[in-house]
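> Take a look at the following structure, please.
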Protein chains: 2
Amino acid sequence: METRELRYFVAVAEELHFGRAAERLGIAQPPLSRAIQQLERRLGVTLLDRTNRTIALTEAGTVLLHEGRAALDAVEAADRRTRRAAAASGDPGIVLVTKAGASSELLPKLLDAYAAEPGAVTVDVLLCAPGEQERLLRDGRADVALLHRPFDSAAGFDTEELRTEEQVAVLPAGHPLTARAHLRLADVTALPGLPMPRWPGPDGTYPDGPGPRVHDHAQLLQLIALGRAAAVLPESSRARLPRDLATVPLLDAPKVTTVIAWPPHSRSLALAGLVRAATRL
Amino acid sequence: METRELRYFVAVAEELHFGRAAERLGIAQPPLSRAIQQLERRLGVTLLDRTNRTIALTEAGTVLLHEGRAALDAVEAADRRTRRAAAASGDPGIVLVTKAGASSELLPKLLDAYAAEPGAVTVDVLLCAPGEQERLLRDGRADVALLHRPFDSAAGFDTEELRTEEQVAVLPAGHPLTARAHLRLADVTALPGLPMPRWPGPDGTYPDGPGPRVHDHAQLLQLIALGRAAAVLPESSRARLPRDLATVPLLDAPKVTTVIAWPPHSRSLALAGLVRAATRL
DNA sequence: GGGCCGCGATACCCGGCGGGTATCGTGGCG
DNA sequence: CGCCACGATACCCGCCGGGTATCGCGGCCC
């Protein structure tokens, strides 16, 4: 199976429309139809149910969509990491990715601790939207990530736990609940007029619900300040909250564990040094 | 980057010889030379140092060899799992792989416990040589594995720990040391005339040393019975040892943890059921 | 209910590229 | 010093990936 075939199939499976998929791929529709047919013939498997107007994934097609995405990520990672290894030979810098707005106190400590080690290389920090880190790590744009379980999934990576912390409710300053010494999750998840915001899932779509749609930390904070939302965040994020927001400890929110994660087959000495520095913090 | 190019490069990088690599790939040597040149040009990276008689991997080439193998495994897994999903639609059986000769009491219990669950599907058991399991799991020939840390690496998989056990020394019956109530690692690793056997590494080559080369459990047991080797094995393997072998508890050997492992992006309900059954044992 | 439209499939053509054979250039080694 | 081993180059061919034109068909709107 060639990566070109995989790319084509993933495009069709995601769009469920040959025309749009072809456009996305920058080719015409007929070659795409033929390519998918050839793929099905070579696999000996029906991937799409064509009901002559619309198409749907078969069971096998669903499997190939998932596995194919993972495979394409792996190929892309091979490409990118090879390029980087050649470009930066002499200074094989590390790219660390983390959620924008998170780990605001841990990250500087980690960077300082690692920089003090003998033989430390430069560490580029990449800040990204929540849920994007795993993808960057998988497809080679990053070498190591700070993840926050249980929000982020560390499946498929090697990890070391760095710290565990409680969560707090974040509310507009002056909200009645800010007078309370502590809250329970149920108190904040169903506040009238202050719905919990919705984050996009791994596929880029938003779940249904009343809350405003957000895709980064700054957006979220602004919405809370405007009195349009409430949120539950790890207590370490308190340090970087603007003054017009208030926090209240939560008694029953799940704890958040910060982990450092890297692709399991990494062979980089520099990465090993960074992980060592992290675990010693 | 196409998988064809990756396959070609991996072959050349492993053989370090264009002629042999071409033979292995079933093509002639000139197209292979050209393909590698094209790959290098497209990546903008030198992958091989050609000293006009012999070739060596550059730094970037080493990276591409590792990442490329992983990527090829992922593509192969996509192919195989798709075929299996289509072929066995209706009975999407599970393939479980474990080291031949290990987990001899745990495995039947697990299979029985799972078979008793409602909705259980057939589980095919695949026995393989030590160190092969990870590869089978990665390239889609198996869905789930029983691994034994620290011998097997569970890097890149999701796991659940099932049990932890001590190790014992395995010696020919009648050997003087079998009279002792317990031993230390140092007592058995440097026995005159009874060297520890050598296992092949992930790349198929054997480390240097005096011990005989073995590649499966049965071989190992026969060599011990012949008085040509000693071994250190988990105590659960005692149950299936032939009578002409004796075991002595070890005080300072690392404990062995049996884990059930599966690819992190699995979506199979049947697999989830098997894992649940395993954790309840 | 009929015609139009949207969408996937088919037909056919072309150019590029993957693969083959023949041969060269050049170090290493006997 | 000359042969040999090995990678690179030159050149040719056939296939396949991609394009345009068109068909078949079912839904939908008037």
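By order in the structure tokens, chains are A, B, ...; within a chain, residues start at 1; ligands start at 1, following the order shown.
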Would you mind aligning chain A to chain B, a least-squares fit over all C-alpha atoms taken in order, and returning the superposed chain as a PDB file with C-alpha atoms, in the first residue's frame?


```pdb
ATOM      1  CA  MET A   1       7.454  10.327   0.748  1.00  0.00           C
ATOM      2  CA  GLU A   2       6.107   7.065  -0.692  1.00  0.00           C
ATOM      3  CA  THR A   3       6.293   3.740   1.076  1.00  0.00           C
ATOM      4  CA  ARG A   4       8.129   2.324  -1.929  1.00  0.00           C
ATOM      5  CA  GLU A   5      10.934   4.835  -1.368  1.00  0.00           C
ATOM      6  CA  LEU A   6      10.975   4.003   2.324  1.00  0.00           C
ATOM      7  CA  ARG A   7      11.179   0.276   1.655  1.00  0.00           C
ATOM      8  CA  TYR A   8      14.032   0.856  -0.746  1.00  0.00           C
ATOM      9  CA  PHE A   9      15.933   3.037   1.649  1.00  0.00           C
ATOM     10  CA  VAL A  10      15.465   0.689   4.588  1.00  0.00           C
ATOM     11  CA  ALA A  11      16.755  -2.190   2.483  1.00  0.00           C
ATOM     12  CA  VAL A  12      19.856  -0.248   1.442  1.00  0.00           C
ATOM     13  CA  ALA A  13      20.446   1.052   4.965  1.00  0.00           C
ATOM     14  CA  GLU A  14      20.220  -2.436   6.407  1.00  0.00           C
ATOM     15  CA  GLU A  15      22.378  -4.136   3.796  1.00  0.00           C
ATOM     16  CA  LEU A  16      24.759  -1.205   3.289  1.00  0.00           C
ATOM     17  CA  HIS A  17      25.159  -2.631  -0.210  1.00  0.00           C
ATOM     18  CA  PHE A  18      23.119  -1.618  -3.253  1.00  0.00           C
ATOM     19  CA  GLY A  19      23.481  -4.955  -5.020  1.00  0.00           C
ATOM     20  CA  ARG A  20      22.268  -7.091  -2.138  1.00  0.00           C
ATOM     21  CA  ALA A  21      19.507  -4.618  -1.313  1.00  0.00           C
ATOM     22  CA  ALA A  22      18.290  -4.689  -4.923  1.00  0.00           C
ATOM     23  CA  GLU A  23      18.279  -8.460  -4.897  1.00  0.00           C
ATOM     24  CA  ARG A  24      16.310  -8.499  -1.654  1.00  0.00           C
ATOM     25  CA  LEU A  25      13.808  -6.094  -3.186  1.00  0.00           C
ATOM     26  CA  GLY A  26      13.529  -8.109  -6.372  1.00  0.00           C
ATOM     27  CA  ILE A  27      14.641  -5.275  -8.661  1.00  0.00           C
ATOM     28  CA  ALA A  28      17.835  -4.396 -10.505  1.00  0.00           C
ATOM     29  CA  GLN A  29      20.535  -2.280  -8.944  1.00  0.00           C
ATOM     30  CA  PRO A  30      20.431   0.841 -11.175  1.00  0.00           C
ATOM     31  CA  PRO A  31      16.790   1.771 -10.469  1.00  0.00           C
ATOM     32  CA  LEU A  32      17.549   1.380  -6.786  1.00  0.00           C
ATOM     33  CA  SER A  33      20.519   3.767  -7.002  1.00  0.00           C
ATOM     34  CA  ARG A  34      18.342   6.259  -8.822  1.00  0.00           C
ATOM     35  CA  ALA A  35      15.468   5.921  -6.361  1.00  0.00           C
ATOM     36  CA  ILE A  36      17.739   6.666  -3.408  1.00  0.00           C
ATOM     37  CA  GLN A  37      19.195   9.667  -5.223  1.00  0.00           C
ATOM     38  CA  GLN A  38      15.716  10.976  -5.920  1.00  0.00           C
ATOM     39  CA  LEU A  39      14.749  10.467  -2.300  1.00  0.00           C
ATOM     40  CA  GLU A  40      17.811  12.402  -1.170  1.00  0.00           C
ATOM     41  CA  ARG A  41      17.085  15.171  -3.653  1.00  0.00           C
ATOM     42  CA  ARG A  42      13.433  15.466  -2.637  1.00  0.00           C
ATOM     43  CA  LEU A  43      14.330  15.529   1.040  1.00  0.00           C
ATOM     44  CA  GLY A  44      17.236  17.843   0.384  1.00  0.00           C
ATOM     45  CA  VAL A  45      19.273  15.594   2.661  1.00  0.00           C
ATOM     46  CA  THR A  46      22.309  13.356   2.273  1.00  0.00           C
ATOM     47  CA  LEU A  47      21.380   9.960   3.656  1.00  0.00           C
ATOM     48  CA  LEU A  48      24.442   7.944   2.672  1.00  0.00           C
ATOM     49  CA  ASP A  49      28.142   8.669   2.641  1.00  0.00           C
ATOM     50  CA  ARG A  50      29.399   7.057  -0.557  1.00  0.00           C
ATOM     51  CA  THR A  51      33.085   6.454  -0.423  1.00  0.00           C
ATOM     52  CA  ASN A  52      32.942   4.895  -3.880  1.00  0.00           C
ATOM     53  CA  ARG A  53      33.433   1.384  -2.666  1.00  0.00           C
ATOM     54  CA  THR A  54      31.413   1.147   0.453  1.00  0.00           C
ATOM     55  CA  ILE A  55      28.563   3.191   1.869  1.00  0.00           C
ATOM     56  CA  ALA A  56      27.758   4.367   5.392  1.00  0.00           C
ATOM     57  CA  LEU A  57      24.725   5.976   6.977  1.00  0.00           C
ATOM     58  CA  THR A  58      24.857   9.672   7.777  1.00  0.00           C
ATOM     59  CA  GLU A  59      23.261  11.014  10.927  1.00  0.00           C
ATOM     60  CA  ALA A  60      20.095  11.831   8.993  1.00  0.00           C
ATOM     61  CA  GLY A  61      20.185   8.395   7.371  1.00  0.00           C
ATOM     62  CA  THR A  62      20.189   6.754  10.790  1.00  0.00           C
ATOM     63  CA  VAL A  63      17.147   8.783  11.782  1.00  0.00           C
ATOM     64  CA  LEU A  64      15.329   7.825   8.592  1.00  0.00           C
ATOM     65  CA  LEU A  65      16.155   4.165   9.119  1.00  0.00           C
ATOM     66  CA  HIS A  66      14.549   4.163  12.573  1.00  0.00           C
ATOM     67  CA  GLU A  67      11.586   6.354  11.720  1.00  0.00           C
ATOM     68  CA  GLY A  68      11.099   4.629   8.388  1.00  0.00           C
ATOM     69  CA  ARG A  69      10.878   1.202   9.969  1.00  0.00           C
ATOM     70  CA  ALA A  70       8.213   2.467  12.343  1.00  0.00           C
ATOM     71  CA  ALA A  71       6.316   4.085   9.477  1.00  0.00           C
ATOM     72  CA  LEU A  72       6.474   0.943   7.344  1.00  0.00           C
ATOM     73  CA  ASP A  73       5.188  -1.098  10.270  1.00  0.00           C
ATOM     74  CA  ALA A  74       2.283   1.323  10.626  1.00  0.00           C
ATOM     75  CA  VAL A  75       1.426   1.074   6.928  1.00  0.00           C
ATOM     76  CA  GLU A  76       1.648  -2.694   7.039  1.00  0.00           C
ATOM     77  CA  ALA A  77      -0.581  -2.718  10.104  1.00  0.00           C
ATOM     78  CA  ALA A  78      -3.169  -0.611   8.284  1.00  0.00           C
ATOM     79  CA  ASP A  79      -3.153  -3.079   5.402  1.00  0.00           C
ATOM     80  CA  ARG A  80      -3.419  -6.177   7.543  1.00  0.00           C
ATOM     81  CA  ARG A  81      -6.012  -4.879   9.955  1.00  0.00           C
ATOM     82  CA  THR A  82      -8.185  -3.675   7.088  1.00  0.00           C
ATOM     83  CA  ARG A  83      -8.044  -7.067   5.421  1.00  0.00           C
ATOM     84  CA  ARG A  84      -8.848  -8.795   8.680  1.00  0.00           C
ATOM     85  CA  ALA A  85     -11.715  -6.444   9.425  1.00  0.00           C
ATOM     86  CA  ALA A  86     -13.260  -7.314   6.071  1.00  0.00           C
ATOM     87  CA  ALA A  87     -12.500 -11.025   6.049  1.00  0.00           C
ATOM     88  CA  ALA A  88     -13.739 -11.669   9.550  1.00  0.00           C
ATOM     89  CA  SER A  89     -16.707  -9.331   9.498  1.00  0.00           C
ATOM     90  CA  GLY A  90     -19.247 -11.127  11.638  1.00  0.00           C
ATOM     91  CA  ASP A  91     -16.512 -12.776  13.664  1.00  0.00           C
ATOM     92  CA  PRO A  92     -13.840 -10.173  14.246  1.00  0.00           C
ATOM     93  CA  GLY A  93     -11.625 -12.580  16.161  1.00  0.00           C
ATOM     94  CA  ILE A  94      -8.681 -11.364  18.210  1.00  0.00           C
ATOM     95  CA  VAL A  95      -5.098 -12.479  17.733  1.00  0.00           C
ATOM     96  CA  LEU A  96      -3.169 -12.682  21.000  1.00  0.00           C
ATOM     97  CA  VAL A  97       0.566 -13.156  20.843  1.00  0.00           C
ATOM     98  CA  THR A  98       2.865 -14.246  23.617  1.00  0.00           C
ATOM     99  CA  LYS A  99       6.307 -15.694  24.062  1.00  0.00           C
ATOM    100  CA  ALA A 100       6.354 -19.448  23.548  1.00  0.00           C
ATOM    101  CA  GLY A 101       6.878 -21.097  26.924  1.00  0.00           C
ATOM    102  CA  ALA A 102       5.827 -18.138  29.067  1.00  0.00           C
ATOM    103  CA  SER A 103       2.651 -17.365  30.997  1.00  0.00           C
ATOM    104  CA  SER A 104       1.728 -21.003  30.927  1.00  0.00           C
ATOM    105  CA  GLU A 105      -0.685 -20.722  33.809  1.00  0.00           C
ATOM    106  CA  LEU A 106      -1.905 -17.177  33.268  1.00  0.00           C
ATOM    107  CA  LEU A 107      -2.894 -17.607  29.639  1.00  0.00           C
ATOM    108  CA  PRO A 108      -5.418 -20.453  30.026  1.00  0.00           C
ATOM    109  CA  LYS A 109      -7.031 -18.611  32.925  1.00  0.00           C
ATOM    110  CA  LEU A 110      -7.316 -15.481  30.820  1.00  0.00           C
ATOM    111  CA  LEU A 111      -8.792 -17.319  27.858  1.00  0.00           C
ATOM    112  CA  ASP A 112     -11.327 -19.092  30.083  1.00  0.00           C
ATOM    113  CA  ALA A 113     -12.301 -15.912  31.877  1.00  0.00           C
ATOM    114  CA  TYR A 114     -12.799 -14.044  28.636  1.00  0.00           C
ATOM    115  CA  ALA A 115     -14.679 -16.878  26.957  1.00  0.00           C
ATOM    116  CA  ALA A 116     -17.160 -16.795  29.832  1.00  0.00           C
ATOM    117  CA  GLU A 117     -17.992 -13.147  29.164  1.00  0.00           C
ATOM    118  CA  PRO A 118     -21.076 -12.328  27.167  1.00  0.00           C
ATOM    119  CA  GLY A 119     -20.251 -11.376  23.596  1.00  0.00           C
ATOM    120  CA  ALA A 120     -16.796 -12.950  23.635  1.00  0.00           C
ATOM    121  CA  VAL A 121     -15.255 -13.572  20.232  1.00  0.00           C
ATOM    122  CA  THR A 122     -12.727 -16.224  19.286  1.00  0.00           C
ATOM    123  CA  VAL A 123      -9.162 -15.571  20.400  1.00  0.00           C
ATOM    124  CA  ASP A 124      -6.384 -16.967  18.244  1.00  0.00           C
ATOM    125  CA  VAL A 125      -3.188 -17.530  20.181  1.00  0.00           C
ATOM    126  CA  LEU A 126       0.094 -16.935  18.417  1.00  0.00           C
ATOM    127  CA  LEU A 127       3.294 -18.135  20.060  1.00  0.00           C
ATOM    128  CA  CYS A 128       6.481 -16.490  18.910  1.00  0.00           C
ATOM    129  CA  ALA A 129      10.153 -16.144  19.694  1.00  0.00           C
ATOM    130  CA  PRO A 130      11.199 -13.769  22.480  1.00  0.00           C
ATOM    131  CA  GLY A 131      11.379 -10.175  21.307  1.00  0.00           C
ATOM    132  CA  GLU A 132       9.114 -10.793  18.331  1.00  0.00           C
ATOM    133  CA  GLN A 133       5.871  -9.854  20.059  1.00  0.00           C
ATOM    134  CA  GLU A 134       6.287  -6.097  19.854  1.00  0.00           C
ATOM    135  CA  ARG A 135       6.855  -6.300  16.129  1.00  0.00           C
ATOM    136  CA  LEU A 136       3.768  -8.462  15.538  1.00  0.00           C
ATOM    137  CA  LEU A 137       1.693  -6.033  17.548  1.00  0.00           C
ATOM    138  CA  ARG A 138       3.101  -3.058  15.698  1.00  0.00           C
ATOM    139  CA  ASP A 139       2.648  -4.376  12.192  1.00  0.00           C
ATOM    140  CA  GLY A 140      -0.880  -5.670  12.653  1.00  0.00           C
ATOM    141  CA  ARG A 141      -0.313  -9.409  12.735  1.00  0.00           C
ATOM    142  CA  ALA A 142      -1.530  -9.421  16.330  1.00  0.00           C
ATOM    143  CA  ASP A 143      -4.065  -7.333  18.241  1.00  0.00           C
ATOM    144  CA  VAL A 144      -2.889  -7.838  21.796  1.00  0.00           C
ATOM    145  CA  ALA A 145       0.155  -9.294  23.525  1.00  0.00           C
ATOM    146  CA  LEU A 146       1.291 -10.612  26.869  1.00  0.00           C
ATOM    147  CA  LEU A 147       4.655  -9.006  27.540  1.00  0.00           C
ATOM    148  CA  HIS A 148       7.136  -9.594  30.331  1.00  0.00           C
ATOM    149  CA  ARG A 149       8.945  -6.551  31.569  1.00  0.00           C
ATOM    150  CA  PRO A 150      11.746  -5.795  31.804  1.00  0.00           C
ATOM    151  CA  PHE A 151      12.649  -8.298  29.055  1.00  0.00           C
ATOM    152  CA  ASP A 152      10.088  -6.983  26.609  1.00  0.00           C
ATOM    153  CA  SER A 153       9.623  -3.286  26.079  1.00  0.00           C
ATOM    154  CA  ALA A 154       6.046  -2.051  26.148  1.00  0.00           C
ATOM    155  CA  ALA A 155       7.045   1.305  24.657  1.00  0.00           C
ATOM    156  CA  GLY A 156       4.400   2.662  22.356  1.00  0.00           C
ATOM    157  CA  PHE A 157       1.577   0.483  23.600  1.00  0.00           C
ATOM    158  CA  ASP A 158      -1.189   0.833  26.105  1.00  0.00           C
ATOM    159  CA  THR A 159      -0.767  -1.670  28.925  1.00  0.00           C
ATOM    160  CA  GLU A 160      -2.323  -3.045  32.084  1.00  0.00           C
ATOM    161  CA  GLU A 161      -0.195  -4.832  34.651  1.00  0.00           C
ATOM    162  CA  LEU A 162      -1.398  -8.325  35.421  1.00  0.00           C
ATOM    163  CA  ARG A 163       1.055  -9.772  37.896  1.00  0.00           C
ATOM    164  CA  THR A 164       4.565  -9.511  39.246  1.00  0.00           C
ATOM    165  CA  GLU A 165       6.746 -12.436  40.184  1.00  0.00           C
ATOM    166  CA  GLU A 166      10.233 -13.379  41.319  1.00  0.00           C
ATOM    167  CA  GLN A 167      12.752 -15.180  39.184  1.00  0.00           C
ATOM    168  CA  VAL A 168      14.479 -18.486  39.755  1.00  0.00           C
ATOM    169  CA  ALA A 169      17.706 -19.990  38.529  1.00  0.00           C
ATOM    170  CA  VAL A 170      17.250 -22.995  36.252  1.00  0.00           C
ATOM    171  CA  LEU A 171      20.007 -25.618  36.415  1.00  0.00           C
ATOM    172  CA  PRO A 172      20.565 -29.204  35.327  1.00  0.00           C
ATOM    173  CA  ALA A 173      19.225 -31.653  37.923  1.00  0.00           C
ATOM    174  CA  GLY A 174      22.016 -32.803  40.151  1.00  0.00           C
ATOM    175  CA  HIS A 175      24.143 -29.688  39.753  1.00  0.00           C
ATOM    176  CA  PRO A 176      25.877 -28.856  43.051  1.00  0.00           C
ATOM    177  CA  LEU A 177      24.151 -25.490  43.376  1.00  0.00           C
ATOM    178  CA  THR A 178      20.719 -27.135  43.376  1.00  0.00           C
ATOM    179  CA  ALA A 179      21.383 -28.158  46.963  1.00  0.00           C
ATOM    180  CA  ARG A 180      21.333 -24.507  48.056  1.00  0.00           C
ATOM    181  CA  ALA A 181      18.133 -23.003  49.410  1.00  0.00           C
ATOM    182  CA  HIS A 182      18.631 -19.807  47.465  1.00  0.00           C
ATOM    183  CA  LEU A 183      21.146 -18.073  45.239  1.00  0.00           C
ATOM    184  CA  ARG A 184      22.219 -14.625  44.140  1.00  0.00           C
ATOM    185  CA  LEU A 185      22.470 -13.490  40.549  1.00  0.00           C
ATOM    186  CA  ALA A 186      26.258 -13.388  40.783  1.00  0.00           C
ATOM    187  CA  ASP A 187      26.260 -17.094  41.685  1.00  0.00           C
ATOM    188  CA  VAL A 188      24.719 -18.140  38.391  1.00  0.00           C
ATOM    189  CA  THR A 189      25.840 -15.574  35.851  1.00  0.00           C
ATOM    190  CA  ALA A 190      29.470 -16.626  35.979  1.00  0.00           C
ATOM    191  CA  LEU A 191      29.326 -20.377  36.496  1.00  0.00           C
ATOM    192  CA  PRO A 192      32.324 -22.206  35.082  1.00  0.00           C
ATOM    193  CA  GLY A 193      31.082 -24.472  32.295  1.00  0.00           C
ATOM    194  CA  LEU A 194      27.522 -23.182  32.532  1.00  0.00           C
ATOM    195  CA  PRO A 195      27.454 -19.859  30.679  1.00  0.00           C
ATOM    196  CA  MET A 196      24.289 -17.809  30.278  1.00  0.00           C
ATOM    197  CA  PRO A 197      22.840 -18.273  26.811  1.00  0.00           C
ATOM    198  CA  ARG A 198      22.730 -15.405  24.334  1.00  0.00           C
ATOM    199  CA  TRP A 199      19.440 -14.223  22.826  1.00  0.00           C
ATOM    200  CA  PRO A 200      19.256 -12.391  19.532  1.00  0.00           C
ATOM    201  CA  GLY A 201      18.660  -8.644  19.797  1.00  0.00           C
ATOM    202  CA  PRO A 202      15.873  -6.782  17.996  1.00  0.00           C
ATOM    203  CA  ASP A 203      18.054  -6.662  14.889  1.00  0.00           C
ATOM    204  CA  GLY A 204      18.529 -10.427  14.797  1.00  0.00           C
ATOM    205  CA  THR A 205      22.204 -10.402  15.776  1.00  0.00           C
ATOM    206  CA  TYR A 206      23.677 -12.021  18.860  1.00  0.00           C
ATOM    207  CA  PRO A 207      25.773 -10.210  21.447  1.00  0.00           C
ATOM    208  CA  ASP A 208      29.321 -11.391  21.971  1.00  0.00           C
ATOM    209  CA  GLY A 209      30.024 -13.796  24.781  1.00  0.00           C
ATOM    210  CA  PRO A 210      30.772 -17.382  25.648  1.00  0.00           C
ATOM    211  CA  GLY A 211      27.199 -18.675  25.965  1.00  0.00           C
ATOM    212  CA  PRO A 212      25.410 -20.794  23.363  1.00  0.00           C
ATOM    213  CA  ARG A 213      23.055 -18.987  20.994  1.00  0.00           C
ATOM    214  CA  VAL A 214      19.383 -19.742  21.497  1.00  0.00           C
ATOM    215  CA  HIS A 215      16.272 -18.358  19.915  1.00  0.00           C
ATOM    216  CA  ASP A 216      13.469 -20.139  21.700  1.00  0.00           C
ATOM    217  CA  HIS A 217      12.442 -21.592  25.007  1.00  0.00           C
ATOM    218  CA  ALA A 218      12.633 -25.281  24.046  1.00  0.00           C
ATOM    219  CA  GLN A 219      16.189 -24.870  22.791  1.00  0.00           C
ATOM    220  CA  LEU A 220      17.148 -23.219  26.036  1.00  0.00           C
ATOM    221  CA  LEU A 221      15.692 -25.984  28.199  1.00  0.00           C
ATOM    222  CA  GLN A 222      17.393 -28.668  26.175  1.00  0.00           C
ATOM    223  CA  LEU A 223      20.748 -26.919  26.508  1.00  0.00           C
ATOM    224  CA  ILE A 224      20.322 -26.683  30.248  1.00  0.00           C
ATOM    225  CA  ALA A 225      19.408 -30.366  30.488  1.00  0.00           C
ATOM    226  CA  LEU A 226      22.570 -31.158  28.516  1.00  0.00           C
ATOM    227  CA  GLY A 227      24.581 -29.259  31.107  1.00  0.00           C
ATOM    228  CA  ARG A 228      25.633 -26.626  28.581  1.00  0.00           C
ATOM    229  CA  ALA A 229      23.943 -23.575  30.040  1.00  0.00           C
ATOM    230  CA  ALA A 230      22.128 -22.101  33.015  1.00  0.00           C
ATOM    231  CA  ALA A 231      19.267 -19.618  32.901  1.00  0.00           C
ATOM    232  CA  VAL A 232      17.211 -17.211  34.950  1.00  0.00           C
ATOM    233  CA  LEU A 233      13.461 -17.467  34.390  1.00  0.00           C
ATOM    234  CA  PRO A 234      10.259 -16.239  36.065  1.00  0.00           C
ATOM    235  CA  GLU A 235       9.121 -18.632  38.746  1.00  0.00           C
ATOM    236  CA  SER A 236       5.832 -19.319  36.971  1.00  0.00           C
ATOM    237  CA  SER A 237       7.738 -21.144  34.263  1.00  0.00           C
ATOM    238  CA  ARG A 238       8.633 -23.787  36.868  1.00  0.00           C
ATOM    239  CA  ALA A 239       5.312 -25.515  36.286  1.00  0.00           C
ATOM    240  CA  ARG A 240       6.230 -26.467  32.737  1.00  0.00           C
ATOM    241  CA  LEU A 241       9.854 -27.402  33.227  1.00  0.00           C
ATOM    242  CA  PRO A 242      10.840 -30.998  32.439  1.00  0.00           C
ATOM    243  CA  ARG A 243      11.866 -33.170  35.359  1.00  0.00           C
ATOM    244  CA  ASP A 244      15.545 -33.169  34.475  1.00  0.00           C
ATOM    245  CA  LEU A 245      15.836 -29.498  35.395  1.00  0.00           C
ATOM    246  CA  ALA A 246      15.987 -28.003  38.860  1.00  0.00           C
ATOM    247  CA  THR A 247      15.194 -24.491  40.074  1.00  0.00           C
ATOM    248  CA  VAL A 248      16.594 -22.435  42.934  1.00  0.00           C
ATOM    249  CA  PRO A 249      15.041 -19.161  44.147  1.00  0.00           C
ATOM    250  CA  LEU A 250      17.062 -16.034  43.448  1.00  0.00           C
ATOM    251  CA  LEU A 251      17.286 -13.308  46.054  1.00  0.00           C
ATOM    252  CA  ASP A 252      18.368 -10.354  43.939  1.00  0.00           C
ATOM    253  CA  ALA A 253      17.037 -10.930  40.433  1.00  0.00           C
ATOM    254  CA  PRO A 254      14.775  -8.213  39.025  1.00  0.00           C
ATOM    255  CA  LYS A 255      11.095  -8.980  39.340  1.00  0.00           C
ATOM    256  CA  VAL A 256       9.174  -9.796  36.189  1.00  0.00           C
ATOM    257  CA  THR A 257       5.899  -8.039  35.460  1.00  0.00           C
ATOM    258  CA  THR A 258       3.459  -9.595  33.052  1.00  0.00           C
ATOM    259  CA  VAL A 259       1.453  -6.949  31.209  1.00  0.00           C
ATOM    260  CA  ILE A 260      -1.260  -7.108  28.604  1.00  0.00           C
ATOM    261  CA  ALA A 261      -0.435  -4.659  25.801  1.00  0.00           C
ATOM    262  CA  TRP A 262      -2.322  -3.365  22.751  1.00  0.00           C
ATOM    263  CA  PRO A 263      -1.867  -0.653  20.124  1.00  0.00           C
ATOM    264  CA  PRO A 264      -2.948   2.661  21.624  1.00  0.00           C
ATOM    265  CA  HIS A 265      -5.485   3.597  18.968  1.00  0.00           C
ATOM    266  CA  SER A 266      -7.414   0.334  18.996  1.00  0.00           C
ATOM    267  CA  ARG A 267     -11.125   0.842  18.827  1.00  0.00           C
ATOM    268  CA  SER A 268     -12.192  -2.767  19.129  1.00  0.00           C
ATOM    269  CA  LEU A 269     -14.881  -3.611  21.631  1.00  0.00           C
ATOM    270  CA  ALA A 270     -13.759  -7.228  21.696  1.00  0.00           C
ATOM    271  CA  LEU A 271     -10.267  -6.161  22.672  1.00  0.00           C
ATOM    272  CA  ALA A 272     -11.631  -3.962  25.438  1.00  0.00           C
ATOM    273  CA  GLY A 273     -13.518  -6.983  26.776  1.00  0.00           C
ATOM    274  CA  LEU A 274     -10.408  -9.108  26.790  1.00  0.00           C
ATOM    275  CA  VAL A 275      -8.444  -6.455  28.645  1.00  0.00           C
ATOM    276  CA  ARG A 276     -11.226  -6.114  31.163  1.00  0.00           C
ATOM    277  CA  ALA A 277     -11.247  -9.861  31.732  1.00  0.00           C
ATOM    278  CA  ALA A 278      -7.478  -9.789  32.181  1.00  0.00           C
ATOM    279  CA  THR A 279      -7.484  -7.066  34.784  1.00  0.00           C
ATOM    280  CA  ARG A 280     -10.156  -8.921  36.765  1.00  0.00           C
ATOM    281  CA  LEU A 281      -8.118 -12.102  37.065  1.00  0.00           C
TER     282      LEU A 281
END
```

> Tell me the residues of chain C close to chain B, meaning within 8 Å using only C-alpha atoms (C1' of nucleotides), as a PyMOL selection string.

chain C and resi 18-20+26-27

> Report as a ChimeraX atom specification: the residues of segment 105-254 of chain A with a DSSP assignment of strand (DSSP E or B), based on the backbone of this structure.

/A:123-128,144-149,158-165,167-172,183,191,194,198,213,231-234,245-250

> Separation of atom C1' of DT9 of chain D and atom C1' of DC14 of chain C, in Å?

27.5 Å

> Could you pull out the residues in segment 152-218 of chain B that DSSP calls helix (DSSP H, G or I) from the backbone, as a list of chain:residue names?

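Secondary structure check on segment 152-218 of chain B, helix (DSSP H, G or I): B:Pro176, B:Leu177, B:Thr178, B:Ala179, B:Leu185, B:Ala186, B:Asp187, B:Val188, B:Thr189, B:His217, B:Ala218.
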
> Quick one: which residues from chain D are at most 12 Å off chain A, using only C-alpha atoms (C1' of nucleotides), as a list in words?

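Residues satisfying the distance criterion: DC16, DG17, DG18, DG19, DT20, DA21, DT22, DG24, DC25, DG26 and DG27 of chain D.
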
> State, in Å with one decimal place, the distance from atom C1' of DG14 of chain D to atom C1' of DC12 of chain C.

17.6 Å

> Please, what distance in Å, to one decimal, runs between atom C1' of DC13 of chain D and atom C1' of DC24 of chain C?

22.0 Å

> With only C-alpha atoms (C1' of nucleotides) as the atoms that count, which of D:DC12, D:DC6, D:DC1, D:DC30 lies nearest to DT21 of chain C?

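Nearest to DT21 of chain C: D:DC12.
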